[in-house]
Amino acid sequence: MTAPKSGPEAVPVVRRRDESDSVFWEPAERWVRATAGELTVVDSRRPVLVWEPGRPVPLYAFPTGDVRMDLLRRTERPAGRRRHAGATVFYDLVLPDRTIGAAAWTYPGEELADHISFEWFGREVLDHWYEEDEEIFVHPRDPHKRVDALPSSRHVQVEIEGTVVADTRTPVLLFETGLPVRFYFPREDVRLGLFHRTDGRTRCPYKGVASAYWSWAGDADVRPDIAWSYPDPLPSVGIIKDRIAFYDESVDVIVDGVRRERPFTFFSRPSR
C-alpha cells in the first residue's frame, strides 16, 4: 500500500494504472455524502481516493467514524467477483427494506485499515452520491483528469455511409482526458430526420445525464444510439446543453476538409 507524503507542502504522487500490484491513494478535501433511501450512510469531510490495480477510475474510502457502521454486517468474501486488490473484510449493507450483499469492504495495510469503501462502477449500491452539494454519478471524479468544453469556428461534418448528417461552423469541442475529442453540434445543424429517438440514457461523472439519444434510421449497419445530447449538463460543461454529439468510433468526421481516422476506444462496439 503506497501512501502520499505527509505535510502541508507535500504533493501526492499516484500511479493510476496496473503498473504494480499495490493500491495507491491520496487524501481528498471534498465533502462526500451517500444515501440509501432516506438514510445517510456516508457523511465525510476526510475521504481518500483509492486506485486499484487495473481499475482506471478511483473509488472513495471513508474513515469508519464517517460511515453508518451499524448498517454494515460482516460477510464472507463473494465468489466470482473482483477482490478489490486483496480486500480483507467484506460487509453486507443492511437497510430497512433490503440487504445488499458484499456492498462494502476494507483494504489491506495499516494506512487504510480503518477505512470503508463501497461498490460503485457497474454495481452502485447506494442511491445518491454527492461531492459538496452536487450529485455525482458512476464513479468519483478523478482529480487528475480534465474535461474542457470549448467553442470553436472549425468546420465540422459527420457522415454515415457517405451521407452528411451534421454540418456546422459553430461546434463545441469537448476534450476529455483519455478519450478522443467529441464534437457537439447545434441541434439545427443535425439532420435529425435521418434518425429516430430512443430511450437511451447514460450518466457521466463529469458531464451529467445524457437523456436524449438517437439511432440511425437508414439501412446501414450502424451501432444503435449513435448520437446523444445532455439536456441539463453539469455547470462546468453547460455550454454543451442540448447540443448533439456522435460516436466518432462509428461515423466519419471531417474537420476543415480533413477526414479524421476513426479512434478505437472501449466505445468501439460492433454494430447492431
# chains A, B, ... in the order shown; residues from 1 in each chain; ligands from 1
call {"tool": "residues_around", "arguments": {"residues": "A:Arg77", "least_positions_apart": "3", "cutoff": "8 Å", "atoms": "only C-alpha atoms", "output": "number ranges by chain"}}
result
A: 89-90, 102
call {"tool": "write_last_selection", "arguments": {"atoms": "C-alpha atoms", "output": "PDB file, in the first residue's frame"}}
result
ATOM      1  CA  VAL A  89     -13.138  -7.871   5.124  1.00  0.00           C
ATOM      2  CA  PHE A  90     -16.433  -7.591   3.228  1.00  0.00           C
ATOM      3  CA  ALA A 102     -20.859  -7.554  -0.169  1.00  0.00           C
TER       4      ALA A 102
END
call {"tool": "select_by_dssp", "arguments": {"residues": "stretch 32-150 of chain A", "states": "strand (DSSP E)", "output": "PyMOL selection string"}}
result
chain A and resi 32-36+39-44+48-51+59-63+72-75+89-94+99-106+115-118+128-131+134-136+147-150
call {"tool": "closest_residue", "arguments": {"among": "A:Pro56, A:Gly257, A:Gly218, A:Pro233", "to": "A:Asp142", "atoms": "only C-alpha atoms"}}
result
A:Pro56
call {"tool": "atom_distance", "arguments": {"atom1": "atom CA of A:His196", "atom2": "atom CA of A:Ile244"}}
result
13.6 Å
call {"tool": "residues_around", "arguments": {"residues": "A:Arg46", "least_positions_apart": "3", "cutoff": "8 Å", "atoms": "only C-alpha atoms", "output": "JSON, numbers by chain"}}
result
{"A": [27, 28, 29, 30, 31, 62, 63]}
call {"tool": "write_last_selection", "arguments": {"atoms": "N, CA, C and O atoms", "output": "short mmCIF file (atom, residue, chain, number, x, y, z; two decimals), in the first residue's frame"}}
result
data_model
loop_
_atom_site.label_atom_id
_atom_site.label_comp_id
_atom_site.auth_asym_id
_atom_site.auth_seq_id
_atom_site.Cartn_x
_atom_site.Cartn_y
_atom_site.Cartn_z
N PRO A 27 -5.35 11.74 -0.19
CA PRO A 27 -6.46 12.37 0.51
C PRO A 27 -7.25 13.28 -0.41
O PRO A 27 -6.71 13.87 -1.34
N ALA A 28 -8.54 13.39 -0.16
CA ALA A 28 -9.41 14.30 -0.90
C ALA A 28 -10.05 15.25 0.10
O ALA A 28 -10.42 14.85 1.20
N GLU A 29 -10.19 16.51 -0.28
CA GLU A 29 -10.73 17.50 0.64
C GLU A 29 -12.20 17.78 0.41
O GLU A 29 -12.76 18.71 1.00
N ARG A 30 -12.85 17.00 -0.44
CA ARG A 30 -14.25 17.25 -0.73
C ARG A 30 -15.15 16.64 0.34
O ARG A 30 -14.84 15.58 0.89
N TRP A 31 -16.25 17.30 0.60
CA TRP A 31 -17.27 16.78 1.50
C TRP A 31 -18.11 15.80 0.70
O TRP A 31 -18.74 16.17 -0.29
N PHE A 62 -13.62 5.72 3.25
CA PHE A 62 -14.00 6.66 4.30
C PHE A 62 -13.59 6.13 5.67
O PHE A 62 -13.70 4.92 5.93
N PRO A 63 -13.17 7.01 6.56
CA PRO A 63 -12.93 6.57 7.94
C PRO A 63 -14.20 5.95 8.52
O PRO A 63 -15.31 6.43 8.24
#
call {"tool": "residues_around", "arguments": {"residues": "A:Ala245", "least_positions_apart": "5", "cutoff": "9 Å", "atoms": "only C-alpha atoms", "output": "VMD selection string"}}
result
chain A and resid 182 to 185 226 to 229
call {"tool": "residues_around", "arguments": {"residues": "A:Phe267", "least_positions_apart": "2", "cutoff": "12 Å", "atoms": "only C-alpha atoms", "output": "PyMOL selection string"}}
result
chain A and resi 179-180+223-226+246-250+262-265+269-271
call {"tool": "write_last_selection", "arguments": {"atoms": "N, CA and C atoms", "output": "compact mmCIF listing (two decimals), in the first residue's frame"}}
result
# COMPACT_ATOMS: atom_id res chain seq x y z
N LEU A 179 -9.90 10.18 -23.81
CA LEU A 179 -10.90 9.93 -24.85
C LEU A 179 -10.64 10.85 -26.04
N PRO A 180 -11.08 10.45 -27.23
CA PRO A 180 -10.95 11.36 -28.38
C PRO A 180 -11.82 12.59 -28.19
N ARG A 223 -24.08 1.13 -35.29
CA ARG A 223 -24.39 0.85 -33.88
C ARG A 223 -25.60 1.68 -33.43
N PRO A 224 -26.43 1.15 -32.55
CA PRO A 224 -27.56 1.92 -32.03
C PRO A 224 -27.08 3.06 -31.14
N ASP A 225 -27.98 4.01 -30.89
CA ASP A 225 -27.66 5.15 -30.03
C ASP A 225 -26.36 5.81 -30.46
N ILE A 226 -26.31 6.15 -31.73
CA ILE A 226 -25.10 6.70 -32.33
C ILE A 226 -24.86 8.15 -31.93
N PHE A 246 -21.69 12.69 -31.60
CA PHE A 246 -21.71 11.36 -32.22
C PHE A 246 -20.54 10.53 -31.73
N TYR A 247 -20.71 9.22 -31.77
CA TYR A 247 -19.59 8.33 -31.51
C TYR A 247 -18.68 8.34 -32.73
N ASP A 248 -17.55 9.05 -32.62
CA ASP A 248 -16.61 9.12 -33.74
C ASP A 248 -16.06 7.74 -34.10
N GLU A 249 -16.16 6.79 -33.15
CA GLU A 249 -15.69 5.44 -33.43
C GLU A 249 -16.52 4.76 -34.52
N SER A 250 -17.73 5.29 -34.80
CA SER A 250 -18.65 4.60 -35.71
C SER A 250 -19.14 5.47 -36.86
N ARG A 262 -10.89 7.08 -37.64
CA ARG A 262 -11.78 6.67 -36.54
C ARG A 262 -10.96 6.19 -35.35
N PRO A 263 -11.23 6.72 -34.16
CA PRO A 263 -10.49 6.26 -32.98
C PRO A 263 -10.97 4.89 -32.54
N PHE A 264 -10.16 4.21 -31.77
CA PHE A 264 -10.55 2.93 -31.19
C PHE A 264 -10.53 3.09 -29.68
N THR A 265 -11.70 2.95 -29.06
CA THR A 265 -11.83 3.06 -27.61
C THR A 265 -12.75 1.96 -27.11
N ARG A 269 -17.82 -0.54 -30.33
CA ARG A 269 -18.56 -1.78 -30.21
C ARG A 269 -19.07 -2.22 -31.57
N PRO A 270 -19.33 -3.52 -31.73
CA PRO A 270 -19.90 -3.98 -33.00
C PRO A 270 -21.23 -3.30 -33.28
N SER A 271 -21.53 -3.14 -34.55
CA SER A 271 -22.84 -2.58 -34.92
C SER A 271 -23.92 -3.56 -34.59
call {"tool": "residues_around", "arguments": {"residues": "stretch 117-121 of chain A", "least_positions_apart": "2", "cutoff": "8 Å", "atoms": "only C-alpha atoms", "output": "PyMOL selection string"}}
result
chain A and resi 59-62+103-106+115+123-125+138-139
call {"tool": "select_by_dssp", "arguments": {"residues": "stretch 87-261 of chain A", "states": "helix (DSSP H, G or I)", "output": "list of chain:residue names"}}
result
A:Arg187, A:Glu188, A:Asp189, A:Leu192, A:Gly193, A:Leu194, A:Pro235, A:Ser236, A:Val237, A:Gly238, A:Ile239, A:Ile240
call {"tool": "residues_around", "arguments": {"residues": "stretch 128-131 of chain A", "least_positions_apart": "3", "cutoff": "8 Å", "atoms": "only C-alpha atoms", "output": "list of chain:residue names"}}
result
A:Arg30, A:Trp31, A:Val32, A:Arg33, A:Ala34, A:Thr35, A:Ala36, A:Glu134, A:Glu135, A:Ile136, A:Phe137
call {"tool": "write_last_selection", "arguments": {"atoms": "C-alpha atoms", "output": "compact mmCIF listing (two decimals), in the first residue's frame"}}
result
# COMPACT_ATOMS: atom_id res chain seq x y z
CA ARG A 30 -14.25 17.25 -0.73
CA TRP A 31 -17.27 16.78 1.50
CA VAL A 32 -18.75 13.48 0.34
CA ARG A 33 -22.13 12.04 1.27
CA ALA A 34 -24.05 8.97 0.15
CA THR A 35 -27.65 8.00 0.80
CA ALA A 36 -29.84 4.93 0.56
CA GLU A 134 -23.59 18.47 -6.35
CA GLU A 135 -24.74 14.95 -7.16
CA ILE A 136 -22.18 12.75 -8.88
CA PHE A 137 -22.65 9.58 -10.91
call {"tool": "closest_residue", "arguments": {"among": "A:Glu76, A:Glu261, A:Glu132, A:Asp256", "to": "A:Arg45", "atoms": "only C-alpha atoms"}}
result
A:Glu132
call {"tool": "closest_residue", "arguments": {"among": "A:Ile100, A:Gly178, A:Arg68, A:Val190", "to": "A:His144", "atoms": "only C-alpha atoms"}}
result
A:Gly178
call {"tool": "atom_distance", "arguments": {"atom1": "atom CA of A:Ile240", "atom2": "atom CA of A:Trp214"}}
result
16.6 Å
call {"tool": "closest_residue", "arguments": {"among": "A:Arg197, A:Lys207, A:Arg98, A:Arg260", "to": "A:Ile239", "atoms": "only C-alpha atoms"}}
result
A:Lys207
call {"tool": "closest_residue", "arguments": {"among": "A:Asp97, A:Asp242, A:Glu111, A:Asp252", "to": "A:Phe24", "atoms": "only C-alpha atoms"}}
result
A:Glu111
call {"tool": "closest_residue", "arguments": {"among": "A:Pro53, A:Thr99, A:Val158, A:Val67", "to": "A:His84", "atoms": "only C-alpha atoms"}}
result
A:Pro53
call {"tool": "atom_distance", "arguments": {"atom1": "atom CA of A:Leu234", "atom2": "atom CA of A:Gly208"}}
result
5.3 Å
